[in-house]
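Pasted below: data.cif, mmCIF, C-alpha atoms.
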data_entry
#
loop_
_atom_site.label_atom_id
_atom_site.label_comp_id
_atom_site.auth_asym_id
_atom_site.auth_seq_id
_atom_site.Cartn_x
_atom_site.Cartn_y
_atom_site.Cartn_z
CA LEU A 1 19.95 -1.69 0.60
CA ILE A 2 16.22 -0.89 0.40
CA HIS A 3 15.34 1.46 -2.47
CA GLY A 4 11.64 2.07 -1.77
CA LEU A 5 8.40 0.66 -3.07
CA ASP A 6 8.56 -1.97 -5.79
CA HIS A 7 4.80 -2.49 -5.97
CA LEU A 8 1.65 -2.60 -3.92
CA ALA A 9 -0.31 -5.86 -4.02
CA ILE A 10 -4.09 -6.08 -3.80
CA ALA A 11 -6.17 -9.24 -3.37
CA VAL A 12 -9.24 -9.32 -5.60
CA GLU A 13 -12.08 -11.74 -6.32
CA ASP A 14 -12.35 -10.88 -10.01
CA LEU A 15 -9.36 -9.58 -11.97
CA ASP A 16 -11.36 -8.12 -14.85
CA VAL A 17 -13.64 -6.14 -12.54
CA ALA A 18 -10.65 -4.85 -10.57
CA VAL A 19 -8.75 -3.80 -13.71
CA GLU A 20 -11.80 -1.87 -14.89
CA GLN A 21 -12.22 -0.18 -11.48
CA TRP A 22 -8.58 0.92 -11.36
CA ARG A 23 -8.85 2.16 -14.96
CA THR A 24 -11.90 4.28 -14.08
CA VAL A 25 -10.68 5.65 -10.76
CA ALA A 26 -7.00 6.18 -11.51
CA GLY A 27 -6.41 5.71 -15.25
CA ALA A 28 -4.50 2.46 -14.66
CA VAL A 29 -2.77 0.74 -17.60
CA VAL A 30 -2.18 -3.03 -17.77
CA LEU A 31 1.56 -3.82 -17.95
CA HIS A 32 1.71 -7.57 -17.63
CA ARG A 33 -0.31 -10.72 -16.89
CA GLU A 34 1.11 -13.90 -15.38
CA VAL A 35 0.17 -17.04 -13.47
CA VAL A 36 2.55 -17.83 -10.60
CA VAL A 37 2.00 -21.56 -10.24
CA GLU A 38 3.96 -21.92 -6.97
CA GLN A 39 1.74 -19.30 -5.29
CA LYS A 40 -1.48 -20.42 -7.00
CA VAL A 41 -2.25 -16.87 -8.10
CA ARG A 42 -3.14 -15.11 -11.29
CA VAL A 43 -1.39 -11.71 -11.44
CA VAL A 44 -2.16 -8.53 -13.37
CA MET A 45 0.42 -5.76 -13.01
CA LEU A 46 -0.98 -2.25 -13.42
CA ARG A 47 0.70 1.12 -13.70
CA VAL A 48 -0.81 4.31 -12.22
CA GLY A 49 1.67 7.08 -13.00
CA THR A 50 4.91 5.84 -11.42
CA LEU A 51 3.10 3.40 -9.10
CA GLN A 52 2.94 -0.32 -9.88
CA ILE A 53 -0.04 -2.23 -8.54
CA GLU A 54 -0.14 -6.03 -8.53
CA LEU A 55 -3.66 -7.46 -8.57
CA LEU A 56 -3.77 -11.00 -7.16
CA ALA A 57 -6.57 -13.53 -7.65
CA PRO A 58 -6.41 -17.15 -6.45
CA THR A 59 -6.31 -20.03 -8.96
CA SER A 60 -7.34 -22.55 -6.29
CA PRO A 61 -9.22 -22.57 -2.95
CA ASP A 62 -6.00 -23.54 -1.13
CA SER A 63 -4.05 -20.56 -2.49
CA PRO A 64 -2.73 -18.21 0.23
CA VAL A 65 -4.66 -15.41 -1.52
CA ALA A 66 -7.91 -17.44 -1.32
CA LYS A 67 -7.35 -17.77 2.43
CA PHE A 68 -6.71 -14.02 2.71
CA LEU A 69 -9.94 -13.23 0.81
CA ALA A 70 -11.95 -15.61 2.98
CA LYS A 71 -10.59 -14.06 6.17
CA ARG A 72 -10.33 -10.34 5.34
CA GLY A 73 -12.16 -9.80 2.05
CA PRO A 74 -10.67 -8.01 -0.97
CA GLY A 75 -8.21 -5.20 -0.34
CA LEU A 76 -4.57 -4.35 0.23
CA HIS A 77 -2.55 -7.55 0.54
CA HIS A 78 1.13 -6.64 0.85
CA VAL A 79 3.80 -3.97 0.38
CA ALA A 80 6.76 -4.98 -1.77
CA LEU A 81 10.03 -3.15 -1.16
CA ARG A 82 12.72 -3.16 -3.85
CA VAL A 83 16.09 -4.36 -2.53
CA ASP A 84 19.52 -5.16 -3.93
CA SER A 85 19.54 -8.60 -2.31
CA THR A 86 16.52 -10.36 -0.81
CA GLN A 87 18.70 -12.97 0.90
CA THR A 88 20.82 -10.27 2.57
CA GLU A 89 17.71 -8.63 4.05
CA LEU A 90 16.29 -11.98 5.23
CA ASP A 91 19.61 -12.88 6.85
CA ARG A 92 19.82 -9.49 8.56
CA LEU A 93 16.31 -9.85 10.03
CA SER A 94 16.84 -13.48 10.96
CA ALA A 95 19.95 -12.46 12.93
CA ALA A 96 17.84 -9.77 14.68
CA ASP A 97 15.23 -12.41 15.65
CA VAL A 98 12.53 -10.79 13.51
CA ARG A 99 9.73 -13.19 12.63
CA LEU A 100 9.90 -14.19 8.94
CA ILE A 101 7.71 -16.20 6.59
CA ASP A 102 10.69 -17.00 4.36
CA ARG A 103 14.22 -17.67 5.57
CA SER A 104 15.41 -18.23 2.01
CA ALA A 105 14.71 -16.12 -1.08
CA ARG A 106 12.49 -17.81 -3.63
CA ARG A 107 11.18 -17.18 -7.14
CA GLY A 108 8.50 -14.50 -7.59
CA ALA A 109 6.72 -13.11 -10.66
CA GLU A 110 8.79 -11.80 -13.59
CA GLU A 111 12.07 -13.48 -12.66
CA THR A 112 12.43 -11.87 -9.26
CA GLN A 113 13.80 -13.24 -6.00
CA VAL A 114 11.36 -12.58 -3.18
CA GLY A 115 10.97 -13.15 0.55
CA PHE A 116 8.23 -12.26 3.05
CA VAL A 117 8.48 -10.86 6.58
CA HIS A 118 5.74 -12.00 8.98
CA PRO A 119 2.98 -9.37 9.47
CA GLN A 120 3.37 -9.63 13.26
CA ALA A 121 6.84 -8.10 12.89
CA VAL A 122 5.48 -5.00 11.12
CA GLY A 123 2.20 -4.10 12.82
CA GLY A 124 -0.07 -6.27 10.72
CA VAL A 125 1.45 -5.35 7.35
CA LEU A 126 2.75 -8.13 5.13
CA VAL A 127 6.11 -6.92 3.73
CA GLU A 128 7.82 -8.52 0.76
CA PHE A 129 11.38 -7.91 -0.39
CA VAL A 130 11.83 -7.99 -4.18
CA GLU A 131 15.14 -8.33 -5.97
CA HIS A 132 14.99 -8.03 -9.73
CA GLY A 133 16.91 -10.65 -11.69
CA VAL A 134 20.40 -10.30 -13.08
CA GLY A 135 19.96 -9.30 -16.72
CA SER A 136 16.55 -7.72 -16.00
CA GLU A 137 16.02 -4.26 -17.44
CA ARG A 138 14.34 -2.91 -14.31
CA LEU B 1 -3.47 14.16 -13.73
CA ILE B 2 -2.43 11.33 -11.39
CA HIS B 3 1.33 11.16 -10.81
CA GLY B 4 1.61 7.95 -8.79
CA LEU B 5 1.89 7.13 -5.12
CA ASP B 6 2.03 9.98 -2.64
CA HIS B 7 2.16 7.75 0.42
CA LEU B 8 0.91 4.52 1.90
CA ALA B 9 -1.08 4.79 5.13
CA ILE B 10 -1.03 2.21 7.89
CA ALA B 11 -3.32 2.07 10.93
CA VAL B 12 -1.48 1.23 14.16
CA GLU B 13 -2.35 0.84 17.83
CA ASP B 14 0.93 2.26 19.12
CA LEU B 15 2.97 4.74 17.08
CA ASP B 16 6.25 4.25 18.94
CA VAL B 17 6.14 0.47 18.53
CA ALA B 18 5.32 0.83 14.84
CA VAL B 19 8.14 3.33 14.22
CA GLU B 20 10.58 0.95 15.87
CA GLN B 21 9.33 -2.01 13.81
CA TRP B 22 9.65 -0.11 10.52
CA ARG B 23 13.12 1.07 11.56
CA THR B 24 14.23 -2.51 12.23
CA VAL B 25 12.65 -4.15 9.20
CA ALA B 26 13.21 -1.48 6.58
CA GLY B 27 15.54 1.19 7.98
CA ALA B 28 12.69 3.74 8.15
CA VAL B 29 13.48 7.35 9.06
CA VAL B 30 10.96 9.67 10.77
CA LEU B 31 10.19 12.72 8.58
CA HIS B 32 7.39 14.44 10.39
CA ARG B 33 4.87 14.18 13.26
CA GLU B 34 1.48 15.87 13.32
CA VAL B 35 -1.97 15.68 14.90
CA VAL B 36 -4.79 16.13 12.38
CA VAL B 37 -7.58 17.36 14.65
CA GLU B 38 -10.36 17.08 12.04
CA GLN B 39 -9.56 13.39 11.51
CA LYS B 40 -8.81 12.65 15.17
CA VAL B 41 -5.51 11.02 14.27
CA ARG B 42 -1.92 11.30 15.31
CA VAL B 43 0.36 10.94 12.26
CA VAL B 44 4.01 9.94 11.89
CA MET B 45 5.39 10.18 8.36
CA LEU B 46 8.24 7.74 7.64
CA ARG B 47 10.59 7.43 4.71
CA VAL B 48 11.85 4.05 3.42
CA GLY B 49 14.09 4.85 0.46
CA THR B 50 11.79 6.79 -1.88
CA LEU B 51 8.61 5.47 -0.23
CA GLN B 52 6.65 7.57 2.25
CA ILE B 53 4.64 5.71 4.87
CA GLU B 54 2.05 7.46 7.02
CA LEU B 55 1.42 5.77 10.35
CA LEU B 56 -2.01 6.63 11.78
CA ALA B 57 -3.13 6.21 15.39
CA PRO B 58 -6.49 7.40 16.73
CA THR B 59 -6.67 10.23 19.29
CA SER B 60 -10.22 9.28 20.27
CA PRO B 61 -12.46 6.18 20.21
CA ASP B 62 -14.75 7.85 17.64
CA SER B 63 -11.90 8.50 15.20
CA PRO B 64 -12.38 6.77 11.81
CA VAL B 65 -9.03 5.06 12.42
CA ALA B 66 -10.26 3.72 15.79
CA LYS B 67 -13.24 2.19 13.97
CA PHE B 68 -10.92 0.69 11.34
CA LEU B 69 -8.70 -0.86 14.06
CA ALA B 70 -11.73 -2.28 15.90
CA LYS B 71 -13.08 -3.85 12.71
CA ARG B 72 -9.96 -5.01 10.85
CA GLY B 73 -7.05 -4.71 13.27
CA PRO B 74 -3.79 -2.91 12.52
CA GLY B 75 -2.53 -2.92 8.93
CA LEU B 76 -2.70 -1.17 5.58
CA HIS B 77 -5.32 1.58 5.75
CA HIS B 78 -5.27 3.49 2.45
CA VAL B 79 -3.35 4.30 -0.72
CA ALA B 80 -2.77 8.00 -1.41
CA LEU B 81 -2.26 9.03 -5.03
CA ARG B 82 -0.60 12.35 -5.83
CA VAL B 83 -2.69 14.50 -8.15
CA ASP B 84 -2.54 18.01 -9.60
CA SER B 85 -6.07 18.79 -8.42
CA THR B 86 -8.07 16.76 -5.90
CA GLN B 87 -11.31 18.56 -6.78
CA THR B 88 -10.86 17.80 -10.50
CA GLU B 89 -10.51 14.08 -9.78
CA LEU B 90 -13.52 14.07 -7.42
CA ASP B 91 -15.63 15.90 -10.02
CA ARG B 92 -14.55 13.48 -12.75
CA LEU B 93 -15.53 10.44 -10.64
CA SER B 94 -18.75 12.03 -9.43
CA ALA B 95 -19.75 12.61 -13.07
CA ALA B 96 -18.97 8.93 -13.77
CA ASP B 97 -21.23 7.88 -10.86
CA VAL B 98 -18.32 6.41 -8.89
CA ARG B 99 -19.08 6.13 -5.17
CA LEU B 100 -17.11 8.73 -3.18
CA ILE B 101 -16.58 9.47 0.50
CA ASP B 102 -15.81 13.13 -0.26
CA ARG B 103 -17.46 15.20 -2.97
CA SER B 104 -15.39 18.24 -1.99
CA ALA B 105 -11.65 18.44 -1.34
CA ARG B 106 -10.75 19.13 2.28
CA ARG B 107 -7.64 19.81 4.36
CA GLY B 108 -5.22 16.93 5.03
CA ALA B 109 -1.88 16.72 6.85
CA GLU B 110 0.94 19.12 5.88
CA GLU B 111 -1.24 21.66 4.04
CA THR B 112 -2.61 19.29 1.45
CA GLN B 113 -6.04 19.11 -0.16
CA VAL B 114 -7.38 15.58 0.03
CA GLY B 115 -10.44 13.55 -0.94
CA PHE B 116 -11.38 9.89 -0.53
CA VAL B 117 -13.00 7.44 -2.96
CA HIS B 118 -15.25 4.81 -1.38
CA PRO B 119 -13.53 1.38 -1.04
CA GLN B 120 -16.48 -0.29 -2.79
CA ALA B 121 -15.50 1.54 -5.98
CA VAL B 122 -11.97 0.08 -5.94
CA GLY B 123 -12.28 -3.54 -4.79
CA GLY B 124 -12.02 -2.90 -1.07
CA VAL B 125 -9.11 -0.45 -1.24
CA LEU B 126 -9.54 3.00 0.28
CA VAL B 127 -8.01 5.47 -2.21
CA GLU B 128 -7.12 9.05 -1.30
CA PHE B 129 -6.21 11.83 -3.71
CA VAL B 130 -3.57 14.23 -2.38
CA GLU B 131 -2.82 17.65 -3.83
CA HIS B 132 0.12 19.45 -2.31
CA GLY B 133 -0.46 23.09 -1.45
CA VAL B 134 0.44 26.04 -3.60
CA GLY B 135 3.78 27.26 -2.32
CA SER B 136 4.72 23.78 -1.07
CA GLU B 137 8.18 22.55 -2.03
CA ARG B 138 6.99 19.07 -2.87
#

Full structure transcribed into structure tokens:
Amino acid sequence: LIHGLDHLAIAVEDLDVAVEQWRTVAGAVVLHREVVVEQKVRVVMLRVGTLQIELLAPTSPDSPVAKFLAKRGPGLHHVALRVDSTQTELDRLSAADVRLIDRSARRGAEETQVGFVHPQAVGGVLVEFVEHGVGSER
Amino acid sequence: LIHGLDHLAIAVEDLDVAVEQWRTVAGAVVLHREVVVEQKVRVVMLRVGTLQIELLAPTSPDSPVAKFLAKRGPGLHHVALRVDSTQTELDRLSAADVRLIDRSARRGAEETQVGFVHPQAVGGVLVEFVEHGVGSER
């Protein structure tokens, strides 16, 4: 089951500048900061009303986000959809021959299980499924 | 006041292909179709759980969406935030010397009043304010 948007992710060069811009333009509040070592990204989660925005900055030049910035510049990076089971969605799409980045769910920020669909399968949009952990409050 | 996400807009080459892709990947349902003459775009509004996605395809080569597609290819186009008053937000940002595309609210799809902030003010992300019309159910 897909519930809707979990968060919107944005690739940025400088996290502090981006936080300040989102504060000015939309009254954003910082919820959470984290480094996801496996993805080589530094993450700041913002809240704008009911919307959660994940700002992503690379921690290394070989981070996937560094490659995105080099190719496309800063901007919208992916759309994360909240699901009951990431693995169930990946299995469903795999069976339908939809091109995936991940065939198996893996760890994301804040104790989530995540998996990415290939942008070619969704008109150039990178889609992530996010399953919040057992025992999580959200 | 900014309530959160109104919708997420995605630029596409072919609306029918995109609708089918979103149906397959995320179980999207078509809510609404419209041509916005002023913006030279054909719009399909989708629902994925609680998320609304606006697919945009140009009706003419001089449409802003045609220029976006030529420059960046298909993908995420803008983030629309739901507000009580678009003009109030534009005035607030104008007074703060934030770079805007629109200084005055104008008509959007489905009887809304909309206004755009310049992407340079928000780290490469095009942000739209959306105010739903008086008498609207939403």

What are the closest atom pairs, with distances in Å to one decimal, for each residue of chain A lying within 7 Å of chain B, using all atoms listed in the file, rows by chain and rising residue number, as JSON lines?
{"residue": "A:Ile2", "atom": "CA", "partner": "B:Gly49", "partner_atom": "CA", "distance": 6.1}
{"residue": "A:His3", "atom": "CA", "partner": "B:Gly49", "partner_atom": "CA", "distance": 4.7}
{"residue": "A:Gly4", "atom": "CA", "partner": "B:Gly49", "partner_atom": "CA", "distance": 4.3}
{"residue": "A:Leu5", "atom": "CA", "partner": "B:Leu51", "partner_atom": "CA", "distance": 5.6}
{"residue": "A:Val12", "atom": "CA", "partner": "B:Gly123", "partner_atom": "CA", "distance": 6.6}
{"residue": "A:Ala18", "atom": "CA", "partner": "B:Gly123", "partner_atom": "CA", "distance": 6.1}
{"residue": "A:Gln21", "atom": "CA", "partner": "B:Val122", "partner_atom": "CA", "distance": 5.6}
{"residue": "A:Trp22", "atom": "CA", "partner": "B:Val122", "partner_atom": "CA", "distance": 6.4}
{"residue": "A:Val25", "atom": "CA", "partner": "B:Leu93", "partner_atom": "CA", "distance": 6.8}
{"residue": "A:Ala26", "atom": "CA", "partner": "B:Ile2", "partner_atom": "CA", "distance": 6.9}
{"residue": "A:Val48", "atom": "CA", "partner": "B:Gly4", "partner_atom": "CA", "distance": 5.6}
{"residue": "A:Gly49", "atom": "CA", "partner": "B:Gly4", "partner_atom": "CA", "distance": 4.3}
{"residue": "A:Thr50", "atom": "CA", "partner": "B:Gly4", "partner_atom": "CA", "distance": 4.7}
{"residue": "A:Leu51", "atom": "CA", "partner": "B:Gly4", "partner_atom": "CA", "distance": 4.8}
{"residue": "A:Pro74", "atom": "CA", "partner": "B:Gly124", "partner_atom": "CA", "distance": 5.3}
{"residue": "A:Gly75", "atom": "CA", "partner": "B:Gly124", "partner_atom": "CA", "distance": 4.5}
{"residue": "A:Leu76", "atom": "CA", "partner": "B:Val125", "partner_atom": "CA", "distance": 6.2}
{"residue": "A:Leu93", "atom": "CA", "partner": "B:Val25", "partner_atom": "CA", "distance": 6.8}
{"residue": "A:Ala121", "atom": "CA", "partner": "B:Gln21", "partner_atom": "CA", "distance": 6.6}
{"residue": "A:Val122", "atom": "CA", "partner": "B:Gln21", "partner_atom": "CA", "distance": 5.6}
{"residue": "A:Gly123", "atom": "CA", "partner": "B:Pro74", "partner_atom": "CA", "distance": 6.1}
{"residue": "A:Gly124", "atom": "CA", "partner": "B:Gly75", "partner_atom": "CA", "distance": 4.5}
{"residue": "A:Val125", "atom": "CA", "partner": "B:Gly75", "partner_atom": "CA", "distance": 4.9}

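Every polymer residue reaching to within 12 Å of (10.4, -15.3, -9.7), counting all atoms listed in the file, appears in this list: Glu34, Val35, Val36, Val37, Glu38, Gln39, Thr86, Ala105, Arg106, Arg107, Gly108, Ala109, Glu110, Glu111, Thr112, Gln113, Val114, Gly115, Phe129, Val130, Glu131, His132, Gly133, Val134 and Ser136 of chain A.
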
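Of note, atom CA of B:Arg99 and atom CA of A:Arg42 are spaced 27.3 Å apart.
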
Worksheet item: Between atom CA of A:Leu69 and atom CA of A:Glu54, what is the spacing in Å?
Response: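 So the answer is 15.3 Å.
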
Worksheet item: Expressed in Å to a single decimal, how great is the separation between atom CA of B:Asp16 and atom CA of B:Val44?
Response: 9.3 Å

Worksheet item: Pick from B:Val43, B:Asp62, B:Glu128, B:Lys67: nearest to B:Gln87, with only C-alpha atoms counted?
Response: B:Glu128
